[in-house]
Number of protein chains: 2
Amino acid sequence: MKILVKLQLLFTLMMTQSMAQNFSIAIHGGAGNLLPKNFSEEREATYRAALDSALTIGYEMLQDSASATDVCEAVVNYLENNPLFNAGRGSVFNAEGQHEMDASIMDGKTLNTGAVAGVSLIKNPVSLARLVLDSSEHVFLSGPGAETFGKSHGAATVSAEYFHNERRYRQWEKANKKSVIKLDHDGDADMEEKKHGTVGVAVMDVFGNLAAATSTGGMTNKKYGRVGDSPIIGAGTYANNATCAVSCTGHGEYFIRAQAAFEAHALMQYKGQSLQDACNTAIYERVGVLGGEGGMIAVDSKGNVAYAFNTAGMYRGSVRQDGEKHIAIFKTNSD
Amino acid sequence: MKILVKLQLLFTLMMTQSMAQNFSIAIHGGAGNLLPKNFSEEREATYRAALDSALTIGYEMLQDSASATDVCEAVVNYLENNPLFNAGRGSVFNAEGQHEMDASIMDGKTLNTGAVAGVSLIKNPVSLARLVLDSSEHVFLSGPGAETFGKSHGAATVSAEYFHNERRYRQWEKANKKSVIKLDHDGDADMEEKKHGTVGVAVMDVFGNLAAATSTGGMTNKKYGRVGDSPIIGAGTYANNATCAVSCTGHGEYFIRAQAAFEAHALMQYKGQSLQDACNTAIYERVGVLGGEGGMIAVDSKGNVAYAFNTAGMYRGSVRQDGEKHIAIFKTNSD
């Protein structure tokens, strides 16, 4: 019996070791008309460095056995705080010259979710979505009510100036203006990408739990309290331990109509498609067929990573337990 | 050749005749703790009459070859205008003593959708959702922005008094108070049902096109700009000519997490489930497993009708081309 117990212990230890080595994280910073010719070496390097930093944050947390939900929040926070991306600090202006940000997060283990739409003075919309997940009987709050909830639950707030007075943002804007002048008739790639920009993260943690989160500053010049797919569970964000965790970016209206994130899950669960096939089907045969452009990143419960997009490019990256980072902006041979 | 052409014409005529005879409509007016003992004969008759009137509107329009989307809008309009139901005129008060209404509509042929959340002074929220479907580049508008859009596109507006000063509503309230006094310790069934009340319609028209729509006054005393499932495509409403049209009612948070409406579609499309099986799975094995209560009504592309609910009752009804109406409130042997 003693030997059996020892063997069992050893087995448990081995399983724990093995579990501790298996995780994955995929991220995106928006999809759009991203063409190599519109990127100076410096600009490309700046974006790649930001994606690298985001992955490092996630990788280190996952090595320390952080939960998928915590990792999603922390990595989206980094992307929200980085003015390169259309979320949090880098959010675009709506038609009234204000910011209306949306975010959502989903825990694939419990299928708990939190989402917020149309918040203006919350520093990190995804953290407000997380507060909704953790501390509200509701799952989706919008507008001033969502901000009232956030303030009463300790969400960090900022003044409107936070979104456009930051030195780094102005530097970037200046650099960007220079590159715009160089652009040809294909138009302003950066403005195009920002128009529907979004950041998102999908994670499998060492416990095999999945989570996904998405955050956006919305569409430039958006009107009428428009809500896109980012705060919509099933459209812009979905996670389910049984299948996958997904975050989308692109022309949100089409992702809502196509139920893009949940569709990837359904194709895996009911049709037995692989993660990559499910993402391809959702983007090309659902969103794309309707006329929508954009992309998604995803991880599955085996730790596989997938990207799919029908735009010229998508800021994206991933890393698994081996620490080897994959970072890309433009289409590659494997896309 | 002439005979062939004549035969073809005859065939087309027969097909048109046959098409003109096939349609179906299913409706609901909310699900909840609806027990026979809490209904006086008069109260039950009042609700049944309202459901009957709603079905008659839909039946007559469908006989006249109206489109599924038009029928959805018109029948939801009737239910919104009837103070018996928690939508439009009968909407409940939020925590600030105001009304915040949500609605959505989806055309199963084009997969076009329109949705609005948090509107206060729009007479018929589903018609505003329809305006979004028809006349906006967006699919989901919220709050004052949604109302601004509505006003600029001719949506009928009303004053706040519309929602609680109407004679018929006061009569009903008075009658209801009487019946409340008769209630035992099981509590105020009407208030319970209104808490998550919703109205919804699913239609297959004579052209074989599907559509669904949902409208709600939200939860009594709801706070923080809470958004439920009614305006969320995939959660409270979904329609796809390939499978089914669905409208949900109940504790919206669970319907969002379970993606209830789209789940019914996915189960039909990818698992080959029948309409009734798909609805049962969505309500019992998805919404119910999470702890959620409510129900859904649906029609499929063959004109079948299904109801599923895990509450004591659901105001519901349906009629097909034969004109035989089915109307029910409580659980029956076939549920």
# chains A, B, ... in the order shown; residues from 1 in each chain; ligands from 1
>>> interface_residues(of="chain A", to="chain B", cutoff="6 Å", atoms="only C-alpha atoms", output="compact mmCIF listing (two decimals) with C-alpha atoms, in the first residue's frame")
# COMPACT_ATOMS: atom_id res chain seq x y z
CA VAL A 139 -23.37 41.23 -16.40
CA PHE A 140 -23.71 44.28 -18.65
CA LEU A 141 -23.79 47.92 -17.50
CA SER A 142 -23.81 50.98 -19.72
CA GLY A 145 -24.75 54.08 -14.59
CA ALA A 146 -21.75 51.89 -15.32
CA TYR A 224 -25.80 57.93 -31.33
CA GLY A 225 -24.36 55.89 -28.47
CA ARG A 226 -23.28 53.22 -30.93
CA VAL A 227 -22.35 49.94 -29.28
CA GLU A 253 -21.64 45.43 -36.61
CA TYR A 270 -20.92 20.79 -32.26
CA LYS A 271 -19.01 20.27 -35.50
>>> residues_around(residues="Asp70 (chain A)", least_positions_apart="4", cutoff="9 Å", atoms="only C-alpha atoms", output="list in words")
Met61, Ala66, Ala74, Val75 and Ala211 of chain A
>>> atom_distance(atom1="CA of Met204 (chain B)", atom2="CA of Thr332 (chain B)")
24.4 Å
>>> atom_distance(atom1="CA of Glu100 (chain B)", atom2="CA of Ser127 (chain A)")
25.3 Å
>>> residues_around(residues="Gln21 (chain B)", least_positions_apart="6", cutoff="9 Å", atoms="only C-alpha atoms", output="ChimeraX atom specification")
/B:63,206,320-322
>>> atom_distance(atom1="CA of Tyr78 (chain A)", atom2="CA of Asp205 (chain A)")
18.5 Å
>>> closest_residue(among="A:Val201, A:Leu84, A:Ala312, A:Val319", to="Met296 (chain A)", atoms="only C-alpha atoms")
A:Val201
>>> select_by_dssp(residues="region 32-117 of chain A", states="strand (DSSP E)", output="MDAnalysis selection string")
chainID A and resid 32 101:107 112:117
>>> write_last_selection(atoms="N, CA, C and O atoms", output="short mmCIF file (atom, residue, chain, number, x, y, z; two decimals), in the first residue's frame")
data_model
loop_
_atom_site.label_atom_id
_atom_site.label_comp_id
_atom_site.auth_asym_id
_atom_site.auth_seq_id
_atom_site.Cartn_x
_atom_site.Cartn_y
_atom_site.Cartn_z
N GLY A 32 -6.70 45.70 -39.57
CA GLY A 32 -7.06 46.73 -40.54
C GLY A 32 -6.18 46.68 -41.76
O GLY A 32 -5.51 45.67 -42.02
N MET A 101 -15.93 54.31 -24.23
CA MET A 101 -15.18 53.05 -24.31
C MET A 101 -16.06 51.87 -23.89
O MET A 101 -16.95 52.01 -23.06
N ASP A 102 -15.76 50.73 -24.48
CA ASP A 102 -16.50 49.50 -24.20
C ASP A 102 -15.50 48.40 -23.85
O ASP A 102 -14.38 48.39 -24.37
N ALA A 103 -15.90 47.46 -23.03
CA ALA A 103 -15.02 46.32 -22.71
C ALA A 103 -15.83 45.16 -22.19
O ALA A 103 -16.96 45.33 -21.71
N SER A 104 -15.26 43.97 -22.29
CA SER A 104 -15.90 42.79 -21.71
C SER A 104 -14.85 41.75 -21.35
O SER A 104 -13.73 41.77 -21.87
N ILE A 105 -15.23 40.88 -20.46
CA ILE A 105 -14.33 39.81 -20.02
C ILE A 105 -15.19 38.59 -19.69
O ILE A 105 -16.33 38.73 -19.22
N MET A 106 -14.67 37.40 -19.98
CA MET A 106 -15.44 36.18 -19.71
C MET A 106 -14.53 35.10 -19.15
O MET A 106 -13.43 34.87 -19.65
N ASP A 107 -15.02 34.46 -18.11
CA ASP A 107 -14.31 33.37 -17.43
C ASP A 107 -14.86 32.06 -17.98
O ASP A 107 -16.03 31.73 -17.76
N ASN A 112 -19.00 33.03 -16.20
CA ASN A 112 -19.34 34.36 -15.71
C ASN A 112 -18.77 35.41 -16.65
O ASN A 112 -17.71 35.20 -17.24
N THR A 113 -19.49 36.50 -16.75
CA THR A 113 -19.04 37.56 -17.64
C THR A 113 -19.26 38.92 -17.01
O THR A 113 -20.07 39.08 -16.10
N GLY A 114 -18.53 39.89 -17.52
CA GLY A 114 -18.75 41.28 -17.14
C GLY A 114 -18.53 42.13 -18.38
O GLY A 114 -17.60 41.87 -19.15
N ALA A 115 -19.39 43.13 -18.59
CA ALA A 115 -19.25 43.99 -19.77
C ALA A 115 -19.71 45.39 -19.44
O ALA A 115 -20.61 45.59 -18.61
N VAL A 116 -19.06 46.37 -20.06
CA VAL A 116 -19.47 47.76 -19.90
C VAL A 116 -19.46 48.44 -21.27
O VAL A 116 -18.63 48.11 -22.13
N ALA A 117 -20.37 49.39 -21.46
CA ALA A 117 -20.43 50.13 -22.73
C ALA A 117 -20.59 51.61 -22.46
O ALA A 117 -21.26 52.00 -21.50
#
>>> select_by_dssp(residues="region 84-311 of chain A", states="alpha helix (DSSP H)", output="compact mmCIF listing (two decimals) with N, CA, C and O atoms, in the first residue's frame")
# COMPACT_ATOMS: atom_id res chain seq x y z
N PRO A 125 -11.29 50.32 -18.78
CA PRO A 125 -12.64 49.74 -18.95
C PRO A 125 -12.69 48.23 -18.68
O PRO A 125 -13.68 47.73 -18.14
N VAL A 126 -11.63 47.49 -19.02
CA VAL A 126 -11.70 46.04 -18.80
C VAL A 126 -11.71 45.72 -17.30
O VAL A 126 -12.29 44.71 -16.89
N SER A 127 -11.09 46.58 -16.50
CA SER A 127 -11.11 46.35 -15.06
C SER A 127 -12.50 46.65 -14.48
O SER A 127 -12.92 46.04 -13.50
N LEU A 128 -13.20 47.59 -15.12
CA LEU A 128 -14.59 47.84 -14.72
C LEU A 128 -15.44 46.62 -15.11
O LEU A 128 -16.29 46.18 -14.33
N ALA A 129 -15.19 46.07 -16.29
CA ALA A 129 -15.90 44.85 -16.71
C ALA A 129 -15.61 43.72 -15.70
O ALA A 129 -16.51 42.96 -15.34
N ARG A 130 -14.37 43.65 -15.24
CA ARG A 130 -14.01 42.62 -14.26
C ARG A 130 -14.75 42.83 -12.94
O ARG A 130 -15.19 41.87 -12.30
N LEU A 131 -14.90 44.11 -12.55
CA LEU A 131 -15.67 44.42 -11.34
C LEU A 131 -17.12 43.98 -11.50
O LEU A 131 -17.74 43.49 -10.55
N VAL A 132 -17.67 44.17 -12.69
CA VAL A 132 -19.04 43.73 -12.96
C VAL A 132 -19.11 42.20 -12.82
O VAL A 132 -20.02 41.66 -12.19
N LEU A 133 -18.10 41.53 -13.39
CA LEU A 133 -18.06 40.06 -13.29
C LEU A 133 -18.03 39.62 -11.82
O LEU A 133 -18.76 38.73 -11.40
N ASP A 134 -17.15 40.27 -11.05
CA ASP A 134 -16.93 39.84 -9.66
C ASP A 134 -18.00 40.33 -8.69
O ASP A 134 -18.34 39.63 -7.74
N SER A 135 -18.50 41.55 -8.89
CA SER A 135 -19.24 42.21 -7.81
C SER A 135 -20.64 42.68 -8.16
O SER A 135 -21.25 43.40 -7.38
N GLY A 143 -23.10 53.28 -19.88
CA GLY A 143 -23.17 54.72 -19.70
C GLY A 143 -22.86 55.20 -18.30
O GLY A 143 -22.08 54.58 -17.57
N PRO A 144 -23.47 56.34 -17.90
CA PRO A 144 -23.19 56.92 -16.59
C PRO A 144 -23.44 55.93 -15.45
O PRO A 144 -22.75 55.95 -14.43
N GLY A 145 -24.46 55.07 -15.62
CA GLY A 145 -24.75 54.08 -14.59
C GLY A 145 -23.57 53.15 -14.36
O GLY A 145 -23.25 52.81 -13.21
N ALA A 146 -22.92 52.76 -15.43
CA ALA A 146 -21.75 51.89 -15.32
C ALA A 146 -20.63 52.61 -14.57
O ALA A 146 -19.93 52.02 -13.74
N GLU A 147 -20.49 53.92 -14.83
CA GLU A 147 -19.45 54.69 -14.14
C GLU A 147 -19.77 54.86 -12.66
O GLU A 147 -18.89 54.80 -11.81
N THR A 148 -21.05 55.07 -12.36
CA THR A 148 -21.47 55.17 -10.96
C THR A 148 -21.14 53.88 -10.22
O THR A 148 -20.59 53.90 -9.11
N PHE A 149 -21.46 52.76 -10.87
CA PHE A 149 -21.12 51.45 -10.28
C PHE A 149 -19.60 51.36 -10.06
O PHE A 149 -19.14 50.95 -9.00
N GLY A 150 -18.84 51.75 -11.07
CA GLY A 150 -17.39 51.67 -10.97
C GLY A 150 -16.83 52.50 -9.83
O GLY A 150 -16.03 52.01 -9.03
N LYS A 151 -17.30 53.75 -9.74
CA LYS A 151 -16.81 54.63 -8.67
C LYS A 151 -17.14 54.05 -7.30
O LYS A 151 -16.31 54.09 -6.39
N SER A 152 -18.35 53.50 -7.16
CA SER A 152 -18.74 52.97 -5.85
C SER A 152 -18.01 51.66 -5.53
O SER A 152 -18.05 51.19 -4.41
N ARG A 167 2.36 62.95 -23.20
CA ARG A 167 3.52 63.26 -24.04
C ARG A 167 3.78 62.19 -25.10
O ARG A 167 3.93 62.48 -26.29
N ARG A 168 3.74 60.95 -24.68
CA ARG A 168 4.05 59.87 -25.60
C ARG A 168 3.04 59.81 -26.75
O ARG A 168 3.40 59.51 -27.90
N TYR A 169 1.81 60.10 -26.40
CA TYR A 169 0.77 60.06 -27.43
C TYR A 169 1.04 61.13 -28.48
O TYR A 169 0.92 60.89 -29.68
N ARG A 170 1.43 62.34 -27.99
CA ARG A 170 1.68 63.42 -28.94
C ARG A 170 2.89 63.12 -29.82
O ARG A 170 2.89 63.41 -31.01
N GLN A 171 3.92 62.52 -29.21
CA GLN A 171 5.10 62.12 -29.99
C GLN A 171 4.67 61.16 -31.09
O GLN A 171 5.05 61.28 -32.25
N TRP A 172 3.88 60.20 -30.66
CA TRP A 172 3.44 59.19 -31.61
C TRP A 172 2.59 59.81 -32.71
O TRP A 172 2.75 59.53 -33.90
N GLU A 173 1.74 60.76 -32.29
CA GLU A 173 0.87 61.43 -33.23
C GLU A 173 1.69 62.20 -34.27
O GLU A 173 1.40 62.19 -35.46
N LYS A 174 2.74 62.87 -33.76
CA LYS A 174 3.62 63.65 -34.61
C LYS A 174 4.31 62.73 -35.62
O LYS A 174 4.31 62.98 -36.83
N ALA A 175 4.85 61.65 -35.10
CA ALA A 175 5.53 60.68 -35.96
C ALA A 175 4.56 60.13 -37.00
O ALA A 175 4.89 59.95 -38.17
N ASN A 176 3.37 59.93 -36.55
CA ASN A 176 2.35 59.37 -37.41
C ASN A 176 1.99 60.35 -38.53
O ASN A 176 1.85 59.96 -39.69
N LYS A 177 1.89 61.61 -38.17
CA LYS A 177 1.59 62.62 -39.18
C LYS A 177 2.66 62.63 -40.27
O LYS A 177 2.35 62.76 -41.45
N LYS A 178 3.89 62.50 -39.84
CA LYS A 178 4.99 62.44 -40.81
C LYS A 178 4.78 61.28 -41.77
O LYS A 178 4.90 61.41 -42.97
N SER A 179 4.46 60.13 -41.19
CA SER A 179 4.33 58.95 -42.06
C SER A 179 3.11 59.08 -42.95
O SER A 179 3.07 58.55 -44.05
N VAL A 180 2.11 59.80 -42.49
CA VAL A 180 0.91 60.01 -43.30
C VAL A 180 1.28 60.73 -44.58
O VAL A 180 0.80 60.38 -45.66
N ILE A 181 2.12 61.74 -44.42
CA ILE A 181 2.52 62.52 -45.59
C ILE A 181 3.16 61.61 -46.65
O ILE A 181 2.99 61.81 -47.84
N LYS A 182 3.84 60.60 -46.15
CA LYS A 182 4.50 59.68 -47.08
C LYS A 182 3.51 58.70 -47.74
O LYS A 182 3.85 58.04 -48.70
N ALA A 189 -3.37 54.59 -43.39
CA ALA A 189 -3.51 53.25 -42.81
C ALA A 189 -3.73 53.32 -41.31
O ALA A 189 -4.51 52.55 -40.75
N ASP A 190 -3.06 54.24 -40.66
CA ASP A 190 -3.19 54.30 -39.21
C ASP A 190 -4.59 54.71 -38.80
O ASP A 190 -5.18 54.13 -37.88
N MET A 191 -5.11 55.72 -39.49
CA MET A 191 -6.46 56.15 -39.13
C MET A 191 -7.47 55.06 -39.46
O MET A 191 -8.41 54.83 -38.73
N GLU A 192 -7.22 54.36 -40.53
CA GLU A 192 -8.09 53.26 -40.93
C GLU A 192 -8.10 52.19 -39.84
O GLU A 192 -9.15 51.69 -39.44
N GLU A 193 -6.90 51.89 -39.34
CA GLU A 193 -6.82 50.82 -38.34
C GLU A 193 -7.43 51.28 -37.02
O GLU A 193 -8.05 50.51 -36.31
N LYS A 194 -7.26 52.55 -36.72
CA LYS A 194 -7.80 53.06 -35.45
C LYS A 194 -9.32 53.12 -35.49
O LYS A 194 -9.98 53.05 -34.46
N LYS A 195 -9.85 53.27 -36.68
CA LYS A 195 -11.29 53.43 -36.83
C LYS A 195 -12.05 52.29 -36.16
O LYS A 195 -13.09 52.50 -35.55
N GLY A 252 -17.44 45.99 -35.96
CA GLY A 252 -18.24 45.33 -34.94
C GLY A 252 -19.63 44.92 -35.36
O GLY A 252 -20.14 43.88 -34.92
N GLU A 253 -20.27 45.73 -36.19
CA GLU A 253 -21.64 45.43 -36.61
C GLU A 253 -21.73 44.03 -37.23
O GLU A 253 -22.68 43.28 -36.98
N TYR A 254 -20.75 43.67 -38.02
CA TYR A 254 -20.77 42.36 -38.66
C TYR A 254 -20.47 41.23 -37.68
O TYR A 254 -20.96 40.13 -37.82
N PHE A 255 -19.65 41.55 -36.68
CA PHE A 255 -19.34 40.53 -35.67
C PHE A 255 -20.54 40.25 -34.78
O PHE A 255 -20.72 39.14 -34.29
N ILE A 256 -21.38 41.30 -34.58
CA ILE A 256 -22.62 41.09 -33.83
C ILE A 256 -23.57 40.22 -34.66
O ILE A 256 -24.13 39.24 -34.16
N ARG A 257 -23.77 40.59 -35.91
CA ARG A 257 -24.70 39.85 -36.75
C ARG A 257 -24.25 38.40 -36.94
O ARG A 257 -25.09 37.49 -37.04
N ALA A 258 -22.94 38.18 -37.01
CA ALA A 258 -22.42 36.83 -37.23
C ALA A 258 -22.19 36.07 -35.93
O ALA A 258 -21.89 34.88 -35.95
N ALA A 260 -19.71 36.21 -33.97
CA ALA A 260 -18.43 35.63 -34.36
C ALA A 260 -17.74 34.81 -33.27
O ALA A 260 -17.29 33.68 -33.53
N ALA A 261 -17.64 35.35 -32.07
CA ALA A 261 -16.87 34.65 -31.02
C ALA A 261 -17.57 33.35 -30.60
O ALA A 261 -16.93 32.30 -30.48
N PHE A 262 -18.89 33.43 -30.41
CA PHE A 262 -19.62 32.23 -30.01
C PHE A 262 -19.68 31.23 -31.15
O PHE A 262 -19.69 30.01 -30.93
N GLU A 263 -19.69 31.71 -32.38
CA GLU A 263 -19.72 30.82 -33.54
C GLU A 263 -18.48 29.92 -33.55
O GLU A 263 -18.58 28.73 -33.85
N ALA A 264 -17.32 30.50 -33.23
CA ALA A 264 -16.10 29.69 -33.17
C ALA A 264 -16.26 28.57 -32.14
O ALA A 264 -15.91 27.41 -32.39
N HIS A 265 -16.83 28.94 -30.99
CA HIS A 265 -17.09 27.93 -29.95
C HIS A 265 -18.05 26.85 -30.45
O HIS A 265 -17.81 25.65 -30.28
N ALA A 266 -19.15 27.27 -31.07
CA ALA A 266 -20.17 26.32 -31.53
C ALA A 266 -19.61 25.37 -32.58
O ALA A 266 -19.92 24.17 -32.59
N LEU A 267 -18.77 25.89 -33.47
CA LEU A 267 -18.18 25.05 -34.52
C LEU A 267 -17.25 24.00 -33.92
O LEU A 267 -17.16 22.88 -34.43
N MET A 268 -16.56 24.35 -32.85
CA MET A 268 -15.72 23.36 -32.18
C MET A 268 -16.58 22.36 -31.41
O MET A 268 -16.38 21.15 -31.50
N GLN A 269 -17.55 22.87 -30.65
CA GLN A 269 -18.33 21.99 -29.79
C GLN A 269 -19.25 21.06 -30.57
O GLN A 269 -19.36 19.89 -30.24
N TYR A 270 -19.90 21.58 -31.59
CA TYR A 270 -20.92 20.79 -32.26
C TYR A 270 -20.48 20.21 -33.60
O TYR A 270 -21.07 19.25 -34.08
N LYS A 271 -19.48 20.82 -34.23
CA LYS A 271 -19.01 20.27 -35.50
C LYS A 271 -17.65 19.62 -35.36
O LYS A 271 -17.12 19.06 -36.33
N LEU A 275 -9.48 24.43 -33.59
CA LEU A 275 -9.51 25.85 -33.25
C LEU A 275 -9.28 26.72 -34.48
O LEU A 275 -10.03 27.68 -34.74
N GLN A 276 -8.25 26.37 -35.26
CA GLN A 276 -7.92 27.20 -36.43
C GLN A 276 -9.05 27.16 -37.46
O GLN A 276 -9.41 28.19 -38.03
N ASP A 277 -9.58 25.96 -37.70
CA ASP A 277 -10.69 25.85 -38.66
C ASP A 277 -11.91 26.66 -38.21
O ASP A 277 -12.57 27.32 -39.01
N ALA A 278 -12.20 26.58 -36.90
CA ALA A 278 -13.36 27.30 -36.37
C ALA A 278 -13.18 28.81 -36.54
O ALA A 278 -14.12 29.51 -36.92
N CYS A 279 -11.96 29.29 -36.26
CA CYS A 279 -11.70 30.73 -36.41
C CYS A 279 -11.78 31.13 -37.88
O CYS A 279 -12.37 32.18 -38.22
N ASN A 280 -11.22 30.32 -38.76
CA ASN A 280 -11.30 30.62 -40.20
C ASN A 280 -12.75 30.67 -40.68
O ASN A 280 -13.14 31.57 -41.41
N GLY A 288 -17.08 37.54 -43.00
CA GLY A 288 -16.69 37.96 -44.34
C GLY A 288 -17.82 37.88 -45.34
O GLY A 288 -17.99 38.78 -46.17
N VAL A 289 -18.60 36.82 -45.27
CA VAL A 289 -19.71 36.64 -46.21
C VAL A 289 -20.72 37.79 -46.09
O VAL A 289 -21.34 38.20 -47.08
N LEU A 290 -20.88 38.32 -44.87
CA LEU A 290 -21.80 39.45 -44.67
C LEU A 290 -21.21 40.76 -45.17
O LEU A 290 -21.90 41.77 -45.26
>>> closest_residue(among="B:Leu62, B:Phe39, B:Tyr47, B:Leu34", to="Gly317 (chain B)", atoms="only C-alpha atoms")
B:Tyr47
>>> residues_around(residues="Ile297 (chain A)", least_positions_apart="3", cutoff="10 Å", atoms="only C-alpha atoms", output="list in words")
Ile25, Ala26, Ile27, His28, Gly200, Val201, Ala202, Ala212, Ala245, Val246, Ser247, Cys248, Thr249, Ala261, Gln276, Cys279, Val305, Ala306, Tyr307, Ala308, Phe309, Met314, Arg316, Gly317 and Ser318 of chain A
>>> closest_residue(among="B:Lys109, B:Arg43, B:Arg89, B:Arg286", to="Ser67 (chain B)", atoms="only C-alpha atoms")
B:Lys109
>>> decode(residues="region 46-52 of chain B", atoms="all heavy atoms", output="PDB file, in the first residue's frame")
ATOM      1  N   THR B  46     -58.261  38.191 -19.279  1.00  0.00           N
ATOM      2  CA  THR B  46     -57.691  39.437 -19.793  1.00  0.00           C
ATOM      3  C   THR B  46     -56.386  39.167 -20.535  1.00  0.00           C
ATOM      4  O   THR B  46     -56.149  39.688 -21.630  1.00  0.00           O
ATOM      5  CB  THR B  46     -57.434  40.417 -18.621  1.00  0.00           C
ATOM      6  OG1 THR B  46     -58.650  40.575 -17.889  1.00  0.00           O
ATOM      7  CG2 THR B  46     -56.956  41.757 -19.131  1.00  0.00           C
ATOM      8  N   TYR B  47     -55.534  38.358 -19.911  1.00  0.00           N
ATOM      9  CA  TYR B  47     -54.258  38.033 -20.559  1.00  0.00           C
ATOM     10  C   TYR B  47     -54.467  37.214 -21.832  1.00  0.00           C
ATOM     11  O   TYR B  47     -53.836  37.454 -22.861  1.00  0.00           O
ATOM     12  CB  TYR B  47     -53.332  37.280 -19.589  1.00  0.00           C
ATOM     13  CG  TYR B  47     -52.538  38.212 -18.704  1.00  0.00           C
ATOM     14  CD1 TYR B  47     -52.936  38.478 -17.407  1.00  0.00           C
ATOM     15  CD2 TYR B  47     -51.376  38.833 -19.180  1.00  0.00           C
ATOM     16  CE1 TYR B  47     -52.217  39.341 -16.596  1.00  0.00           C
ATOM     17  CE2 TYR B  47     -50.651  39.690 -18.376  1.00  0.00           C
ATOM     18  CZ  TYR B  47     -51.070  39.946 -17.087  1.00  0.00           C
ATOM     19  OH  TYR B  47     -50.349  40.798 -16.298  1.00  0.00           O
ATOM     20  N   ARG B  48     -55.367  36.232 -21.751  1.00  0.00           N
ATOM     21  CA  ARG B  48     -55.609  35.387 -22.929  1.00  0.00           C
ATOM     22  C   ARG B  48     -56.165  36.214 -24.085  1.00  0.00           C
ATOM     23  O   ARG B  48     -55.798  36.005 -25.243  1.00  0.00           O
ATOM     24  CB  ARG B  48     -56.562  34.236 -22.570  1.00  0.00           C
ATOM     25  CG  ARG B  48     -55.955  33.225 -21.604  1.00  0.00           C
ATOM     26  CD  ARG B  48     -56.925  32.088 -21.288  1.00  0.00           C
ATOM     27  NE  ARG B  48     -57.104  31.227 -22.438  1.00  0.00           N
ATOM     28  CZ  ARG B  48     -56.420  30.106 -22.657  1.00  0.00           C
ATOM     29  NH1 ARG B  48     -55.508  29.709 -21.792  1.00  0.00           N
ATOM     30  NH2 ARG B  48     -56.647  29.379 -23.725  1.00  0.00           N
ATOM     31  N   ALA B  49     -57.010  37.179 -23.744  1.00  0.00           N
ATOM     32  CA  ALA B  49     -57.591  38.034 -24.787  1.00  0.00           C
ATOM     33  C   ALA B  49     -56.505  38.880 -25.447  1.00  0.00           C
ATOM     34  O   ALA B  49     -56.509  39.090 -26.669  1.00  0.00           O
ATOM     35  CB  ALA B  49     -58.674  38.924 -24.186  1.00  0.00           C
ATOM     36  N   ALA B  50     -55.569  39.361 -24.639  1.00  0.00           N
ATOM     37  CA  ALA B  50     -54.486  40.183 -25.192  1.00  0.00           C
ATOM     38  C   ALA B  50     -53.605  39.349 -26.122  1.00  0.00           C
ATOM     39  O   ALA B  50     -53.218  39.795 -27.216  1.00  0.00           O
ATOM     40  CB  ALA B  50     -53.653  40.777 -24.060  1.00  0.00           C
ATOM     41  N   LEU B  51     -53.302  38.128 -25.701  1.00  0.00           N
ATOM     42  CA  LEU B  51     -52.480  37.245 -26.541  1.00  0.00           C
ATOM     43  C   LEU B  51     -53.231  36.914 -27.831  1.00  0.00           C
ATOM     44  O   LEU B  51     -52.643  36.866 -28.922  1.00  0.00           O
ATOM     45  CB  LEU B  51     -52.121  35.966 -25.774  1.00  0.00           C
ATOM     46  CG  LEU B  51     -51.202  36.175 -24.555  1.00  0.00           C
ATOM     47  CD1 LEU B  51     -51.153  34.914 -23.685  1.00  0.00           C
ATOM     48  CD2 LEU B  51     -49.779  36.563 -24.994  1.00  0.00           C
ATOM     49  N   ASP B  52     -54.535  36.708 -27.698  1.00  0.00           N
ATOM     50  CA  ASP B  52     -55.367  36.411 -28.865  1.00  0.00           C
ATOM     51  C   ASP B  52     -55.348  37.576 -29.859  1.00  0.00           C
ATOM     52  O   ASP B  52     -55.176  37.379 -31.077  1.00  0.00           O
ATOM     53  CB  ASP B  52     -56.795  36.113 -28.390  1.00  0.00           C
ATOM     54  CG  ASP B  52     -57.652  35.523 -29.496  1.00  0.00           C
ATOM     55  OD1 ASP B  52     -58.118  36.306 -30.358  1.00  0.00           O
ATOM     56  OD2 ASP B  52     -57.847  34.290 -29.520  1.00  0.00           O
TER      57      ASP B  52
END
